[in-house]
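Visitor: Take a look at the following structure, please.
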There are 2 protein chains.
Amino acid sequence: MNQARPAPVSASKARLRLWLRLLKATRTIEAELRERLRRDHASTLPRFDVMAALSRRPEGLRMSALSGVLRVSNGNVTGIVERLVAEGLVERRAVEGDRRAMLVRLTPVGAAQFAEMAATHEGWIDTLLSGLTAEEAEALSRRLEDVAQSGAKETE
Amino acid sequence: MNQARPAPVSASKARLRLWLRLLKATRTIEAELRERLRRDHASTLPRFDVMAALSRRPEGLRMSALSGVLRVSNGNVTGIVERLVAEGLVERRAVEGDRRAMLVRLTPVGAAQFAEMAATHEGWIDTLLSGLTAEEAEALSRRLEDVAQSGAKETE
DNA sequence: CTTCGATATTTTATGTTTGAAATGTAATCG
DNA sequence: CGATTACATTTCAAACATAAAATATCGAAG
């Protein structure tokens, strides 16, 4: 155990620093997205997330599946979906054969509005991450895959 | 223009994918941290953040400085600090010479409790990111620096 | 001294978030 | 069949978050 080498900074510290940066980068972008969604589409990030999940499943999703995909509590999804329903962007119907479940999906109006938001959204991301080339972005993506996994390991 | 190469996916798509991964990784880790803070320290992430900021400034911080550092609205900080004060972890005192301002800082009890939480916290991060070596973590950190900056460019 | 614009903080209204408890339904076991 | 156990969702209370309005103070210009 001699300490001849200049001590390659402890892995623990390096990981902590990575985490802080990860958090900072994500929060910065999230704040910007939230602001733009509010300004340009009179919407919010949670609503966008719900609509994004639903748009990937035109046939609809159950409430619990929705909260699972979004990784938020199911009590939470109830409120967000409620407001979306109130605005006619989303509809809920009973599931045939299981009276406990509800199937949630976008209405045509909701799908149209989401398509528009999604296009703008992709443009925003492109701008916000314009500091990276496509190759850099892909390299980073690959590395982050491991991060997400090692984080999930504990949970799953 | 033959397509020998796998067609470098549009930069826009690559960046969008990166963003989604960034978000997923961050949220996964955040959820795990929140859960552990609650279980092991009967606390929350926002409270931890406030205490972390205060522990770096033993002399105290003004409310507005605090909300600035944490990048949350100042109305928000009021509530969190209020609860911390109620539990005796934080104290507020008037600023001499400016009756508008309040100086917030950790009490000895708060500082002790935070020191303990911070140590555990670092261990958690180390575990959650154990999929990466110190070198990988540092490489990623450096790349993310640019991400944060390009995101901030719009804001600052 | 007074007025006016800037600053520091809190309050208010609304929405998001969580974990836990409650409700209702399904499925299985004895 | 009746009791338990598991599941899908909602309700609830408390915390957190934002933007905007309100309150109070400061500093400087007239």
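A note on labels: chains of the structure tokens are A, B, ... as shown, every chain counts residues from 1, and ligands are counted from 1 in their shown order.
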As an mmCIF file with C-alpha atoms, in the first residue's frame, please: chain A after a least-squares superposition onto chain B using all C-alpha atoms matched in order.

Guide:
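Here's the written file part20.cif:
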data_model
loop_
_atom_site.group_PDB
_atom_site.id
_atom_site.type_symbol
_atom_site.label_atom_id
_atom_site.label_comp_id
_atom_site.auth_asym_id
_atom_site.auth_seq_id
_atom_site.Cartn_x
_atom_site.Cartn_y
_atom_site.Cartn_z
ATOM 1 C CA MET A 1 -25.318 16.177 -51.093
ATOM 2 C CA ASN A 2 -25.144 12.574 -52.156
ATOM 3 C CA GLN A 3 -26.063 10.016 -49.576
ATOM 4 C CA ALA A 4 -23.369 7.491 -50.327
ATOM 5 C CA ARG A 5 -22.518 6.958 -46.705
ATOM 6 C CA PRO A 6 -24.869 4.952 -44.467
ATOM 7 C CA ALA A 7 -26.001 8.189 -42.966
ATOM 8 C CA PRO A 8 -24.196 8.714 -39.695
ATOM 9 C CA VAL A 9 -27.315 8.931 -37.605
ATOM 10 C CA SER A 10 -28.438 12.516 -37.520
ATOM 11 C CA ALA A 11 -26.723 14.531 -34.820
ATOM 12 C CA SER A 12 -30.143 15.599 -33.670
ATOM 13 C CA LYS A 13 -31.210 12.035 -32.955
ATOM 14 C CA ALA A 14 -27.949 11.223 -31.213
ATOM 15 C CA ARG A 15 -28.347 14.237 -28.956
ATOM 16 C CA LEU A 16 -31.940 13.406 -28.207
ATOM 17 C CA ARG A 17 -30.925 9.909 -27.212
ATOM 18 C CA LEU A 18 -28.189 11.300 -25.013
ATOM 19 C CA TRP A 19 -30.657 13.573 -23.302
ATOM 20 C CA LEU A 20 -33.053 10.722 -22.596
ATOM 21 C CA ARG A 21 -30.282 8.680 -21.085
ATOM 22 C CA LEU A 22 -29.033 11.573 -19.054
ATOM 23 C CA LEU A 23 -32.502 12.030 -17.690
ATOM 24 C CA LYS A 24 -32.966 8.370 -16.951
ATOM 25 C CA ALA A 25 -29.641 8.012 -15.170
ATOM 26 C CA THR A 26 -30.224 11.098 -13.072
ATOM 27 C CA ARG A 27 -33.759 10.175 -12.140
ATOM 28 C CA THR A 28 -32.805 6.649 -11.192
ATOM 29 C CA ILE A 29 -30.107 7.859 -8.861
ATOM 30 C CA GLU A 30 -32.223 10.674 -7.519
ATOM 31 C CA ALA A 31 -35.051 8.299 -6.666
ATOM 32 C CA GLU A 32 -32.674 6.040 -4.828
ATOM 33 C CA LEU A 33 -31.149 8.926 -2.884
ATOM 34 C CA ARG A 34 -34.531 10.314 -1.958
ATOM 35 C CA GLU A 35 -35.626 6.946 -0.653
ATOM 36 C CA ARG A 36 -32.477 6.500 1.416
ATOM 37 C CA LEU A 37 -32.563 9.999 2.841
ATOM 38 C CA ARG A 38 -36.118 9.418 3.923
ATOM 39 C CA ARG A 39 -35.401 6.041 5.439
ATOM 40 C CA ASP A 40 -32.088 6.701 7.133
ATOM 41 C CA HIS A 41 -32.222 10.382 7.971
ATOM 42 C CA ALA A 42 -35.889 11.297 7.909
ATOM 43 C CA SER A 43 -35.041 14.020 5.436
ATOM 44 C CA THR A 44 -35.560 14.949 1.807
ATOM 45 C CA LEU A 45 -33.447 15.844 -1.196
ATOM 46 C CA PRO A 46 -34.366 19.554 -1.264
ATOM 47 C CA ARG A 47 -33.481 19.875 2.390
ATOM 48 C CA PHE A 48 -30.214 18.115 1.787
ATOM 49 C CA ASP A 49 -29.437 20.448 -1.103
ATOM 50 C CA VAL A 50 -30.119 23.526 0.971
ATOM 51 C CA MET A 51 -27.998 22.265 3.828
ATOM 52 C CA ALA A 52 -25.194 21.334 1.433
ATOM 53 C CA ALA A 53 -25.152 24.820 -0.004
ATOM 54 C CA LEU A 54 -25.119 26.348 3.460
ATOM 55 C CA SER A 55 -22.383 24.072 4.708
ATOM 56 C CA ARG A 56 -20.098 25.409 2.003
ATOM 57 C CA ARG A 57 -20.638 28.903 3.379
ATOM 58 C CA PRO A 58 -20.389 28.847 7.152
ATOM 59 C CA GLU A 59 -20.790 32.609 7.242
ATOM 60 C CA GLY A 60 -24.224 32.270 5.712
ATOM 61 C CA LEU A 61 -26.028 33.062 2.499
ATOM 62 C CA ARG A 62 -28.808 35.386 1.516
ATOM 63 C CA MET A 63 -32.063 33.897 0.397
ATOM 64 C CA SER A 64 -31.583 35.053 -3.169
ATOM 65 C CA ALA A 65 -28.021 33.720 -3.275
ATOM 66 C CA LEU A 66 -29.336 30.424 -1.996
ATOM 67 C CA SER A 67 -32.012 30.160 -4.648
ATOM 68 C CA GLY A 68 -29.446 31.180 -7.244
ATOM 69 C CA VAL A 69 -26.976 28.478 -6.244
ATOM 70 C CA LEU A 70 -29.655 25.817 -6.105
ATOM 71 C CA ARG A 71 -31.334 27.028 -9.281
ATOM 72 C CA VAL A 72 -34.763 26.954 -7.770
ATOM 73 C CA SER A 73 -37.243 29.794 -7.470
ATOM 74 C CA ASN A 74 -36.820 31.990 -4.445
ATOM 75 C CA GLY A 75 -40.379 31.439 -3.361
ATOM 76 C CA ASN A 76 -39.450 27.827 -3.012
ATOM 77 C CA VAL A 77 -36.447 28.380 -0.785
ATOM 78 C CA THR A 78 -38.602 30.276 1.671
ATOM 79 C CA GLY A 79 -40.663 27.202 2.469
ATOM 80 C CA ILE A 80 -37.750 24.822 2.786
ATOM 81 C CA VAL A 81 -35.761 27.166 4.999
ATOM 82 C CA GLU A 82 -38.859 27.757 7.097
ATOM 83 C CA ARG A 83 -39.093 24.074 7.931
ATOM 84 C CA LEU A 84 -35.400 23.785 8.613
ATOM 85 C CA VAL A 85 -35.619 26.745 10.965
ATOM 86 C CA ALA A 86 -38.581 25.174 12.706
ATOM 87 C CA GLU A 87 -36.428 22.123 13.381
ATOM 88 C CA GLY A 88 -33.514 24.154 14.629
ATOM 89 C CA LEU A 89 -31.134 23.096 11.862
ATOM 90 C CA VAL A 90 -30.856 26.517 10.282
ATOM 91 C CA GLU A 91 -31.062 30.074 11.545
ATOM 92 C CA ARG A 92 -31.927 33.352 9.912
ATOM 93 C CA ARG A 93 -30.802 36.752 10.930
ATOM 94 C CA ALA A 94 -31.162 40.231 9.550
ATOM 95 C CA VAL A 95 -28.306 41.580 7.473
ATOM 96 C CA GLU A 96 -26.730 44.637 8.995
ATOM 97 C CA GLY A 97 -27.076 47.591 6.686
ATOM 98 C CA ASP A 98 -29.747 46.126 4.446
ATOM 99 C CA ARG A 99 -33.071 45.532 6.045
ATOM 100 C CA ARG A 100 -34.409 43.767 2.983
ATOM 101 C CA ALA A 101 -31.992 40.887 3.185
ATOM 102 C CA MET A 102 -31.823 37.815 5.383
ATOM 103 C CA LEU A 103 -28.719 35.811 6.139
ATOM 104 C CA VAL A 104 -29.315 32.097 6.444
ATOM 105 C CA ARG A 105 -26.876 29.646 7.926
ATOM 106 C CA LEU A 106 -26.605 26.283 9.606
ATOM 107 C CA THR A 107 -26.873 26.064 13.359
ATOM 108 C CA PRO A 108 -24.278 23.902 15.120
ATOM 109 C CA VAL A 109 -26.900 21.181 15.336
ATOM 110 C CA GLY A 110 -27.634 21.553 11.646
ATOM 111 C CA ALA A 111 -23.957 21.468 10.725
ATOM 112 C CA ALA A 112 -23.421 18.315 12.755
ATOM 113 C CA GLN A 113 -26.417 16.602 11.243
ATOM 114 C CA PHE A 114 -25.360 17.590 7.774
ATOM 115 C CA ALA A 115 -21.818 16.318 8.261
ATOM 116 C CA GLU A 116 -23.248 12.952 9.127
ATOM 117 C CA MET A 117 -25.627 12.929 6.180
ATOM 118 C CA ALA A 118 -22.926 14.073 3.781
ATOM 119 C CA ALA A 119 -20.657 11.212 4.741
ATOM 120 C CA THR A 120 -23.389 8.659 4.238
ATOM 121 C CA HIS A 121 -24.370 10.366 1.025
ATOM 122 C CA GLU A 122 -20.907 10.084 -0.457
ATOM 123 C CA GLY A 123 -20.952 6.397 0.334
ATOM 124 C CA TRP A 124 -24.279 5.970 -1.428
ATOM 125 C CA ILE A 125 -23.021 7.682 -4.546
ATOM 126 C CA ASP A 126 -19.944 5.529 -4.463
ATOM 127 C CA THR A 127 -22.115 2.430 -4.388
ATOM 128 C CA LEU A 128 -24.589 3.634 -6.976
ATOM 129 C CA LEU A 129 -21.810 4.510 -9.402
ATOM 130 C CA SER A 130 -19.643 1.545 -8.574
ATOM 131 C CA GLY A 131 -20.039 0.386 -12.165
ATOM 132 C CA LEU A 132 -17.499 3.026 -13.166
ATOM 133 C CA THR A 133 -13.833 3.228 -12.273
ATOM 134 C CA ALA A 134 -12.382 6.469 -10.999
ATOM 135 C CA GLU A 135 -10.875 7.119 -14.426
ATOM 136 C CA GLU A 136 -14.141 6.538 -16.225
ATOM 137 C CA ALA A 137 -15.942 8.758 -13.798
ATOM 138 C CA GLU A 138 -13.457 11.534 -14.383
ATOM 139 C CA ALA A 139 -13.629 11.178 -18.136
ATOM 140 C CA LEU A 140 -17.399 11.400 -17.968
ATOM 141 C CA SER A 141 -17.230 14.392 -15.672
ATOM 142 C CA ARG A 142 -15.106 16.272 -18.145
ATOM 143 C CA ARG A 143 -17.482 15.588 -21.001
ATOM 144 C CA LEU A 144 -20.454 16.643 -18.978
ATOM 145 C CA GLU A 145 -18.821 19.953 -18.244
ATOM 146 C CA ASP A 146 -19.485 20.914 -21.844
ATOM 147 C CA VAL A 147 -23.041 19.742 -21.663
ATOM 148 C CA ALA A 148 -23.805 21.908 -18.695
ATOM 149 C CA GLN A 149 -22.165 24.865 -20.374
ATOM 150 C CA SER A 150 -23.933 24.540 -23.663
ATOM 151 C CA GLY A 151 -27.159 24.230 -21.726
ATOM 152 C CA ALA A 152 -26.398 27.277 -19.628
ATOM 153 C CA LYS A 153 -25.334 29.375 -22.581
ATOM 154 C CA GLU A 154 -28.948 30.145 -23.346
ATOM 155 C CA THR A 155 -29.751 31.174 -19.843
ATOM 156 C CA GLU A 156 -26.783 33.223 -18.794
#

Visitor: If you run DSSP on this backbone, which residues of region 9-135 of chain B come out as strand (DSSP E), and could you give them as JSON, numbers by chain?

Guide: {"B": [61, 62, 90, 91, 92, 93, 94, 95, 98, 99, 100, 101, 102, 103, 104, 105, 106]}

Visitor: Among region 2-132 of chain A, which ones does DSSP assign to alpha helix (DSSP H) (computed from the backbone)? Answer as a PyMOL selection string.

Guide: chain A and resi 11-41+45-55+63-70+74-86+108-128

Visitor: Using only C-alpha atoms (C1' of nucleotides), find the residues of chain D whose closest atom to chain A is at most 8 Å away, then write them as a count of residues only.

Guide: 3

Visitor: May I have a table of the residues of chain D lying at most 10 Å from region 6-12 of chain C, giving each one's closest pair of atoms and their distance in Å to one decimal, counting only C-alpha atoms (C1' of nucleotides), ordered by chain and ascending residue number, as CSV?

Guide:
residue,atom,partner,partner_atom,distance
D:DA20,C1',C:DT12,C1',8.7
D:DA21,C1',C:DT12,C1',7.7
D:DA22,C1',C:DT11,C1',6.9
D:DT23,C1',C:DT10,C1',7.7
D:DA24,C1',C:DT9,C1',8.5
D:DT25,C1',C:DA8,C1',8.1
D:DC26,C1',C:DT7,C1',7.4
D:DG27,C1',C:DA6,C1',8.5
